[in-house]
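upload.cif follows (mmCIF, C-alpha atoms):
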```
data_coords
#
loop_
_atom_site.label_atom_id
_atom_site.label_comp_id
_atom_site.auth_asym_id
_atom_site.auth_seq_id
_atom_site.Cartn_x
_atom_site.Cartn_y
_atom_site.Cartn_z
CA MET A 1 15.86 16.53 -3.35
CA GLU A 2 16.16 12.77 -3.51
CA ILE A 3 13.40 10.44 -2.34
CA ARG A 4 13.98 7.26 -0.34
CA ASN A 5 11.74 4.49 0.94
CA LEU A 6 11.27 4.44 4.70
CA GLY A 7 12.93 1.14 5.52
CA ARG A 8 11.48 -1.61 3.37
CA SER A 9 8.02 -0.05 3.48
CA GLY A 10 6.32 1.47 0.48
CA LEU A 11 6.28 4.92 2.10
CA LYS A 12 8.53 7.33 0.22
CA ILE A 13 10.00 10.32 2.03
CA SER A 14 12.42 13.14 1.25
CA GLU A 15 15.93 12.13 2.31
CA ILE A 16 16.15 15.39 4.19
CA ALA A 17 13.25 15.96 6.57
CA TYR A 18 12.37 19.18 8.37
CA GLY A 19 12.02 18.96 12.16
CA ASN A 20 10.86 21.59 14.62
CA TRP A 21 12.33 20.46 17.92
CA LEU A 22 13.66 23.49 19.88
CA THR A 23 12.50 26.05 17.32
CA HIS A 24 8.77 26.33 16.63
CA GLY A 25 6.78 27.68 19.54
CA SER A 26 9.88 28.44 21.61
CA GLN A 27 13.17 29.54 20.05
CA VAL A 28 11.76 31.53 17.11
CA GLU A 29 8.62 33.52 16.48
CA GLU A 30 5.84 31.97 14.44
CA ASP A 31 6.40 34.08 11.34
CA ALA A 32 10.03 32.98 11.22
CA ALA A 33 9.01 29.35 11.79
CA THR A 34 6.49 29.58 8.97
CA ALA A 35 9.12 31.08 6.67
CA CYS A 36 11.39 28.11 7.37
CA VAL A 37 8.61 25.64 6.57
CA ARG A 38 7.80 27.46 3.35
CA GLN A 39 11.48 27.40 2.40
CA ALA A 40 11.62 23.68 3.13
CA LEU A 41 8.69 23.11 0.80
CA ASP A 42 10.34 25.26 -1.88
CA GLU A 43 13.52 23.17 -1.57
CA GLY A 44 11.60 19.95 -2.18
CA ILE A 45 11.25 18.71 1.40
CA THR A 46 7.99 16.81 1.80
CA THR A 47 8.65 15.13 5.16
CA PHE A 48 8.00 17.03 8.40
CA ASP A 49 8.75 15.69 11.86
CA THR A 50 7.45 17.00 15.18
CA ALA A 51 6.24 15.74 18.58
CA ASP A 52 3.49 16.62 21.00
CA VAL A 53 6.03 17.53 23.70
CA TYR A 54 7.94 20.08 21.60
CA ALA A 55 7.26 23.47 23.16
CA ASN A 56 4.56 21.70 25.19
CA THR A 57 2.33 21.10 22.11
CA ALA A 58 2.93 24.53 20.53
CA ALA A 59 5.31 23.12 17.90
CA GLU A 60 2.60 20.86 16.47
CA SER A 61 0.20 23.79 16.27
CA VAL A 62 2.75 26.02 14.52
CA LEU A 63 3.57 23.29 12.01
CA GLY A 64 -0.09 22.61 11.35
CA ARG A 65 -0.75 26.26 10.57
CA ALA A 66 2.38 26.53 8.41
CA LEU A 67 1.29 23.56 6.28
CA LYS A 68 -2.34 24.62 6.01
CA GLY A 69 -3.49 24.70 2.41
CA GLU A 70 -0.84 22.29 1.17
CA ARG A 71 -1.98 19.16 -0.65
CA ARG A 72 -2.11 16.63 2.16
CA GLU A 73 -1.31 13.69 -0.11
CA GLY A 74 1.96 15.39 -1.07
CA LEU A 75 3.22 15.56 2.52
CA GLU A 76 4.53 13.07 5.06
CA ILE A 77 3.76 14.31 8.57
CA PHE A 78 5.35 12.55 11.54
CA THR A 79 4.74 13.06 15.25
CA LYS A 80 5.51 11.27 18.52
CA VAL A 81 4.06 10.29 21.88
CA TYR A 82 5.60 9.55 25.29
CA TRP A 83 6.59 12.67 27.20
CA PRO A 84 4.07 14.62 29.32
CA THR A 85 2.23 17.51 27.72
CA GLY A 86 -0.30 18.21 30.49
CA PRO A 87 0.23 19.02 34.16
CA GLY A 88 2.35 15.91 34.60
CA LYS A 89 -0.17 13.75 36.42
CA HIS A 90 0.28 9.98 36.55
CA ASN A 91 -1.39 9.23 33.18
CA ASP A 92 0.03 12.25 31.34
CA HIS A 93 3.08 10.39 30.03
CA GLY A 94 4.33 7.04 28.81
CA LEU A 95 2.98 4.50 26.35
CA SER A 96 -0.12 3.24 28.12
CA ARG A 97 -3.23 2.70 26.05
CA LYS A 98 -4.84 5.68 27.77
CA HIS A 99 -1.99 8.07 27.01
CA ILE A 100 -1.59 6.92 23.39
CA MET A 101 -5.29 7.15 22.52
CA GLU A 102 -5.66 10.57 24.10
CA SER A 103 -2.41 11.89 22.65
CA ILE A 104 -3.11 10.95 19.03
CA ASN A 105 -6.37 12.88 19.13
CA GLY A 106 -4.64 15.96 20.51
CA SER A 107 -1.87 15.78 17.92
CA LEU A 108 -4.29 15.48 15.00
CA THR A 109 -6.25 18.50 16.22
CA ARG A 110 -3.13 20.62 16.58
CA LEU A 111 -1.71 19.52 13.23
CA GLY A 112 -5.02 20.15 11.46
CA THR A 113 -5.09 16.75 9.78
CA ASP A 114 -7.16 13.59 9.92
CA TYR A 115 -4.10 11.34 10.09
CA VAL A 116 -0.34 11.31 10.46
CA ASP A 117 1.81 9.28 8.14
CA LEU A 118 4.02 8.05 10.99
CA TYR A 119 3.24 7.87 14.71
CA GLN A 120 6.30 7.22 16.84
CA ALA A 121 6.94 6.05 20.39
CA HIS A 122 9.22 8.85 21.57
CA ARG A 123 11.03 6.59 24.06
CA TYR A 124 10.66 3.04 25.38
CA ASP A 125 8.31 2.74 28.37
CA ASP A 126 9.45 0.08 30.82
CA GLU A 127 6.46 0.80 33.07
CA THR A 128 3.91 -0.39 30.49
CA PRO A 129 3.73 -3.89 28.98
CA LEU A 130 4.97 -3.75 25.41
CA GLU A 131 1.92 -5.78 24.35
CA GLU A 132 -0.38 -3.01 25.63
CA THR A 133 1.58 -0.36 23.77
CA MET A 134 1.59 -2.23 20.48
CA GLU A 135 -2.11 -3.11 20.72
CA ALA A 136 -2.91 0.57 21.25
CA PHE A 137 -0.79 1.50 18.23
CA ALA A 138 -2.61 -1.17 16.22
CA ASP A 139 -5.93 0.45 17.08
CA VAL A 140 -4.60 3.86 16.08
CA VAL A 141 -3.64 2.42 12.69
CA ARG A 142 -6.95 0.59 12.21
CA GLN A 143 -8.87 3.76 13.07
CA GLY A 144 -7.02 5.49 10.22
CA LYS A 145 -5.33 8.00 12.51
CA ALA A 146 -1.82 6.83 11.57
CA LEU A 147 -0.59 4.97 8.52
CA TYR A 148 2.70 3.63 9.90
CA ILE A 149 4.28 3.16 13.33
CA GLY A 150 7.81 3.96 14.44
CA VAL A 151 9.94 4.28 17.56
CA SER A 152 12.61 6.70 18.74
CA GLU A 153 15.80 5.95 20.67
CA TRP A 154 14.92 2.30 21.30
CA ARG A 155 17.53 -0.36 21.91
CA ALA A 156 17.98 -3.19 19.43
CA ASP A 157 16.37 -5.90 21.56
CA ASP A 158 13.31 -3.74 22.26
CA ILE A 159 12.96 -2.96 18.56
CA ARG A 160 13.07 -6.67 17.75
CA ARG A 161 10.36 -7.52 20.30
CA ALA A 162 8.15 -4.68 19.06
CA HIS A 163 8.62 -5.81 15.46
CA GLU A 164 7.52 -9.35 16.36
CA LEU A 165 4.35 -8.00 17.99
CA ALA A 166 3.71 -5.69 15.06
CA ARG A 167 3.89 -8.65 12.68
CA GLU A 168 1.39 -10.55 14.83
CA LEU A 169 -0.93 -7.52 14.92
CA LYS A 170 -0.43 -6.91 11.18
CA ILE A 171 0.62 -3.30 11.53
CA PRO A 172 3.63 -1.65 9.84
CA LEU A 173 6.47 -0.84 12.27
CA VAL A 174 8.86 0.78 9.82
CA SER A 175 11.23 3.21 11.54
CA ASN A 176 13.47 4.23 14.41
CA GLN A 177 14.45 7.84 15.13
CA PRO A 178 17.86 7.97 16.83
CA GLN A 179 20.51 10.59 17.30
CA TYR A 180 23.27 9.99 14.74
CA SER A 181 26.23 12.03 13.55
CA MET A 182 29.95 11.81 12.85
CA LEU A 183 30.45 12.22 16.61
CA TRP A 184 27.58 10.05 17.91
CA ARG A 185 27.57 6.58 16.35
CA VAL A 186 26.00 4.46 19.10
CA ILE A 187 23.45 2.90 16.72
CA GLU A 188 26.05 1.35 14.41
CA ALA A 189 26.97 -1.73 16.45
CA GLU A 190 23.54 -3.13 17.34
CA VAL A 191 20.58 -1.00 16.25
CA VAL A 192 21.52 -0.65 12.58
CA PRO A 193 22.23 -4.37 11.96
CA THR A 194 18.96 -5.32 13.70
CA CYS A 195 16.98 -2.78 11.71
CA GLU A 196 18.58 -3.82 8.43
CA GLU A 197 17.50 -7.37 9.13
CA LEU A 198 13.94 -6.33 10.01
CA GLY A 199 13.48 -3.78 7.22
CA ILE A 200 13.29 -0.81 9.58
CA GLY A 201 14.77 2.52 8.46
CA GLN A 202 16.49 5.21 10.52
CA ILE A 203 15.20 8.78 10.56
CA VAL A 204 18.12 10.44 12.28
CA TRP A 205 18.13 13.61 14.36
CA SER A 206 20.97 16.01 15.15
CA PRO A 207 23.16 15.10 12.15
CA ILE A 208 25.26 18.22 12.82
CA ALA A 209 25.57 17.48 16.58
CA GLN A 210 23.47 20.43 17.74
CA GLY A 211 25.51 22.73 15.51
CA VAL A 212 28.99 21.67 16.65
CA LEU A 213 29.79 20.13 13.25
CA THR A 214 29.27 23.48 11.53
CA GLY A 215 32.65 24.47 12.95
CA LYS A 216 31.37 27.69 14.50
CA TYR A 217 32.49 26.70 18.01
CA LEU A 218 36.23 27.15 18.38
CA PRO A 219 38.51 25.58 20.99
CA GLY A 220 39.56 27.96 23.73
CA GLN A 221 36.94 30.54 22.78
CA ALA A 222 33.55 31.44 24.21
CA PRO A 223 30.54 30.35 22.13
CA PRO A 224 29.22 32.98 19.70
CA ALA A 225 26.50 35.20 21.16
CA GLY A 226 23.03 33.91 20.34
CA SER A 227 24.25 30.42 19.47
CA ARG A 228 22.61 27.26 20.80
CA ALA A 229 25.39 26.79 23.33
CA THR A 230 24.30 30.02 25.04
CA ASP A 231 20.53 29.47 24.82
CA GLU A 232 18.98 27.56 27.71
CA LYS A 233 15.77 27.16 25.67
CA GLY A 234 17.70 26.01 22.61
CA GLY A 235 19.42 22.91 23.94
CA ALA A 236 22.48 24.32 25.71
CA ASN A 237 22.34 21.41 28.14
CA MET A 238 22.58 18.87 25.30
CA ILE A 239 25.32 20.57 23.31
CA GLY A 240 27.48 20.71 26.44
CA ARG A 241 28.85 17.21 25.84
CA TRP A 242 30.60 18.49 22.70
CA MET A 243 31.85 21.81 24.07
CA GLN A 244 35.23 20.42 25.08
CA ASP A 245 38.46 21.59 23.48
CA ASP A 246 39.53 18.09 22.42
CA VAL A 247 36.26 17.66 20.52
CA LEU A 248 36.29 21.15 19.02
CA GLU A 249 39.90 20.74 17.88
CA ARG A 250 39.00 17.52 16.07
CA VAL A 251 35.98 19.14 14.45
CA GLN A 252 38.18 21.89 13.02
CA LEU A 253 40.13 19.17 11.16
CA LEU A 254 36.98 18.62 9.08
CA GLN A 255 37.21 22.09 7.51
CA PRO A 256 39.75 21.21 4.77
CA ILE A 257 37.89 17.93 4.09
CA ALA A 258 34.66 19.86 3.50
CA GLN A 259 36.46 22.37 1.27
CA GLU A 260 37.98 19.58 -0.80
CA ALA A 261 34.50 18.09 -1.25
CA GLY A 262 33.05 21.48 -2.23
CA LEU A 263 30.73 21.53 0.79
CA THR A 264 30.19 23.57 3.91
CA MET A 265 30.90 21.73 7.14
CA ALA A 266 27.17 21.46 7.84
CA GLN A 267 26.56 19.98 4.39
CA LEU A 268 29.39 17.51 4.92
CA ALA A 269 27.86 16.40 8.23
CA VAL A 270 24.40 15.86 6.74
CA ALA A 271 25.82 14.11 3.69
CA TRP A 272 27.84 11.82 5.96
CA VAL A 273 24.81 10.40 7.78
CA LEU A 274 23.02 9.90 4.45
CA GLN A 275 25.83 7.57 3.30
CA ASN A 276 24.57 4.94 5.75
CA SER A 277 22.30 2.68 3.70
CA ASN A 278 19.99 2.13 6.69
CA VAL A 279 19.31 5.87 7.01
CA SER A 280 16.10 6.82 5.24
CA ALA A 281 16.24 10.52 6.13
CA ALA A 282 18.21 13.08 8.09
CA ILE A 283 16.23 15.64 10.06
CA ILE A 284 17.37 19.25 9.87
CA GLY A 285 16.08 22.16 11.91
CA ALA A 286 16.36 25.86 11.26
CA SER A 287 15.64 29.24 12.76
CA ARG A 288 16.22 31.05 9.43
CA PRO A 289 15.21 30.07 5.87
CA GLU A 290 18.78 30.34 4.59
CA GLN A 291 19.80 27.56 6.96
CA VAL A 292 17.30 25.28 5.23
CA THR A 293 18.71 26.17 1.83
CA ASP A 294 22.27 25.51 3.00
CA ASN A 295 21.55 22.12 4.57
CA VAL A 296 19.43 20.89 1.66
CA LYS A 297 22.48 21.07 -0.59
CA ALA A 298 23.64 17.86 1.10
CA ALA A 299 20.84 15.99 -0.70
CA GLY A 300 22.14 13.63 -3.35
CA VAL A 301 25.80 14.09 -2.36
CA ARG A 302 27.91 10.94 -2.52
CA LEU A 303 31.12 11.03 -0.50
CA ASP A 304 33.94 8.88 -1.86
CA GLU A 305 35.87 6.37 0.23
CA ALA A 306 38.87 8.67 0.61
CA THR A 307 36.67 11.40 2.07
CA LEU A 308 34.98 8.99 4.45
CA ARG A 309 38.37 7.72 5.64
CA ALA A 310 39.62 11.27 6.15
CA ILE A 311 36.54 12.08 8.26
CA ASP A 312 37.11 9.00 10.41
CA GLU A 313 40.76 9.87 10.94
CA ALA A 314 39.86 13.43 11.92
CA VAL A 315 37.25 12.65 14.59
CA ASP A 316 37.92 9.05 15.67
CA PRO A 317 39.40 9.84 19.12
CA VAL A 318 36.27 11.74 20.22
CA VAL A 319 33.53 9.58 18.66
CA GLU A 320 30.98 7.98 21.01
CA ARG A 321 30.18 4.42 19.92
CA ASP A 322 28.92 2.69 23.08
CA PRO A 323 25.52 1.06 22.33
CA ALA A 324 24.61 1.44 26.01
CA GLN A 325 24.35 5.19 25.41
CA THR A 326 21.03 4.72 23.62
CA ARG A 327 18.67 6.91 25.55
CA ASN A 328 16.68 5.80 28.57
CA PRO A 329 14.13 8.37 29.80
CA ARG A 330 14.84 7.52 33.40
CA ARG A 331 18.45 8.67 33.16
CA ARG A 332 18.52 11.11 30.26
CA ASP A 333 17.23 14.59 29.68
CA LEU A 334 14.59 15.10 27.03
CA GLY A 335 15.99 14.96 23.51
CA SER A 336 14.57 15.10 20.01
#
```
In structure tokens, what does this structure look like?
Amino acid sequence: MEIRNLGRSGLKISEIAYGNWLTHGSQVEEDAATACVRQALDEGITTFDTADVYANTAAESVLGRALKGERREGLEIFTKVYWPTGPGKHNDHGLSRKHIMESINGSLTRLGTDYVDLYQAHRYDDETPLEETMEAFADVVRQGKALYIGVSEWRADDIRRAHELARELKIPLVSNQPQYSMLWRVIEAEVVPTCEELGIGQIVWSPIAQGVLTGKYLPGQAPPAGSRATDEKGGANMIGRWMQDDVLERVQLLQPIAQEAGLTMAQLAVAWVLQNSNVSAAIIGASRPEQVTDNVKAAGVRLDEATLRAIDEAVDPVVERDPAQTRNPRRRDLGS
């Protein structure tokens, strides 16, 4: 496992992080979830990402129990705030001071820790003044409940404004957590250049495009039984965008490229996102320990220029690059 700095901060994290969106507390039983966390630790992963909304708070609790007894100083624990976790009343969501201050306390209790290393705004809240949000985050940091602040799926101009406020408040805004893969490159045109300038690193989710880049979904064929594409609790609504024959045909062209590189298709996909110098870590998820072991083999892989060109030629016609596709909670379903 290789270690990278999170942006230009001094925080060092494993370049492959373990995330429990869609799995812990919902898709798999707790003993299986715990086995995956233990395998991640055995493989050298020290960075664990979750959110209060995952499985309506259950994912944080499962992760907290799975990490119990580990040396806290040897871990980097990340969580997020924005989406509702209560009955959905008017103050149960967003980035108001009230919701942030109440949510951090709930997350720390569920995770069984006095602080998180990174506390992230899970989406941008256009119903709350950004100044209020950043001042609340500053208080969370000064109270010692979070060491660093990050955002998730924010547009470049919003990241820039938040960074300016963070500098004024003297708190470390160090990361953005966007979706990023060979097929979904919407951050490349605007978000990445802005973040490179500001010293903000990307912690990317869905590097294998909800499993599509493993190659297991074949054009003209029904999805395998038990796969994510058939599981309404496991993100079938999100994977649907890729379940088109033109996409699946292009993905199959990656198979010989992966073989030539000595990698599985999943490893190739994870290694590809890690080639971007602004990416500090790629988040993997798993329902079985062997999936962790397989994906971790992408750590430290360096793809040569010929391989990168071959990947681009294979998938270019179906790649989404439009920066306007960066998520907006008013028009998008809940994502990682």
task = May I have the residues within 6 Å of range 117-120 of chain A as an MDAnalysis selection string, using all atoms listed in the file and disregarding those fewer than 6 positions away in the same chain?
result = chainID A and resid 76:80 146:151
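Remark: for Ile45 in chain A, the closest of the candidate residues A:Met182, A:Leu63, A:Leu218, A:Ile13 is A:Ile13 (distances computed over all atoms listed in the file).
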query = Can you list, as a PyMOL selection string, every protein, DNA or RNA residue that comes within 9 Å of Ala310 in chain A when you count all atoms listed in the file, leaving out same-chain residues fewer than 5 positions away?
reply = chain A and resi 254+257+305+315
Can I get the selected residues back with C-alpha atoms, as an mmCIF file, in the frame of the given file?
```cif
data_model
loop_
_atom_site.group_PDB
_atom_site.id
_atom_site.type_symbol
_atom_site.label_atom_id
_atom_site.label_comp_id
_atom_site.auth_asym_id
_atom_site.auth_seq_id
_atom_site.Cartn_x
_atom_site.Cartn_y
_atom_site.Cartn_z
ATOM 1 C CA LEU A 254 36.980 18.620 9.080
ATOM 2 C CA ILE A 257 37.890 17.930 4.090
ATOM 3 C CA GLU A 305 35.870 6.370 0.230
ATOM 4 C CA VAL A 315 37.250 12.650 14.590
#
```
key: Ground truth for the PyMOL selection byres ((chain A and resi 3) around 6), written as a ChimeraX atom specification   = /A:2,4,13-15
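Interatomic distance, CA of Glu164 in chain A to CA of Ala282 in chain A: 26.2 Å.
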task = May I have the protein, DNA and RNA residues with an atom at most 12 Å from (37.0, 11.4, 16.9), counting only C-alpha atoms in the file's coordinates, returned as a list in words?
result = Ser181, Met182, Leu183, Trp184, Arg185, Leu213, Trp242, Asp246, Val247, Leu248, Glu249, Arg250, Val251, Gln252, Leu253, Leu254, Arg309, Ala310, Ile311, Asp312, Glu313, Ala314, Val315, Asp316, Pro317, Val318, Val319, Glu320 and Arg321 of chain A
key: Near-Thr133 in chain A list (8 Å; all atoms listed in the file; drop same-chain fewer than 4 positions) as a VMD selection string   = chain A and resid 95 to 97 100 128 to 129 137
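The two atoms in question, CA of Arg71 in chain A and CA of Ser103 in chain A, are spaced 24.4 Å apart.
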note = As a check of understanding: the span from CA of Leu173 in chain A to CA of Val141 in chain A is 10.6 Å
Box centre and edge lengths (Å, one decimal), axis-aligned, range 115-125 of chain A plus 8 Å each side, as lines of an AutoDock Vina configuration file:
```
center_x = 3.5
center_y = 7.0
center_z = 18.3
size_x = 31.1
size_y = 24.6
size_z = 36.2
```
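In terms of minimum interatomic distance to Ile200 in chain A, A:Asn278 ranks closest within A:Val273, A:Gly262, A:Asn278, A:Thr85, counting only C-alpha atoms.
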query = If you apply the PyMOL selection byres ((chain A and resi 125) around 10) to this file, what residues do you get, as a PyMOL selection string?
reply = chain A and resi 82+93-96+121-124+126-130+133+154+328-330
Dump as a tab-separated table (two decimals), in the coordinates of the input, selection limited to C-alpha atoms:
```
chain	number	residue	atom	x	y	z
A	82	TYR	CA	5.60	9.55	25.29
A	93	HIS	CA	3.08	10.39	30.03
A	94	GLY	CA	4.33	7.04	28.81
A	95	LEU	CA	2.98	4.50	26.35
A	96	SER	CA	-0.12	3.24	28.12
A	121	ALA	CA	6.94	6.05	20.39
A	122	HIS	CA	9.22	8.85	21.57
A	123	ARG	CA	11.03	6.59	24.06
A	124	TYR	CA	10.66	3.04	25.38
A	126	ASP	CA	9.45	0.08	30.82
A	127	GLU	CA	6.46	0.80	33.07
A	128	THR	CA	3.91	-0.39	30.49
A	129	PRO	CA	3.73	-3.89	28.98
A	130	LEU	CA	4.97	-3.75	25.41
A	133	THR	CA	1.58	-0.36	23.77
A	154	TRP	CA	14.92	2.30	21.30
A	328	ASN	CA	16.68	5.80	28.57
A	329	PRO	CA	14.13	8.37	29.80
A	330	ARG	CA	14.84	7.52	33.40
```
request  = Can you pull out every residue within 9 Å of Ala286 in chain A, counting only C-alpha atoms, but drop anything in the same chain fewer than 6 positions away, and send it as a VMD selection string?
outcome  = chain A and resid 18 to 20 23 33 36 292
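Each of A:Gln325, A:Gln179, A:Gln39, A:Thr47 was checked against Leu75 in chain A using all atoms listed in the file; the smallest atom-to-atom distance is that of A:Thr47.
For the file shown, the residue list from the PyMOL selection byres ((chain A and resi 86) around 12) reads Asp52, Val53, Ala55, Asn56, Thr57, Tyr82, Trp83, Pro84, Thr85, Pro87, Gly88, Lys89, His90, Asn91, Asp92, His93, His99, Glu102, Ser103 and Gly106 of chain A.
Taking all atoms listed in the file into account, Ile104 in chain A lies nearest to A:Val140 out of the set A:Val140, A:Ala281, A:Ala299, A:Val204.
Of the residues listed (A:Leu303, A:Val81, A:Leu108, A:Ile239), A:Leu108 shows the shortest atom-to-atom separation from Gly64 in chain A; distances use all atoms listed in the file.
Minimum atom-to-atom distances from A:Glu30, A:Asp157, A:Asp139, A:Glu43 to Gln291 in chain A were compared using all atoms listed in the file, and the lowest value belongs to A:Glu43.
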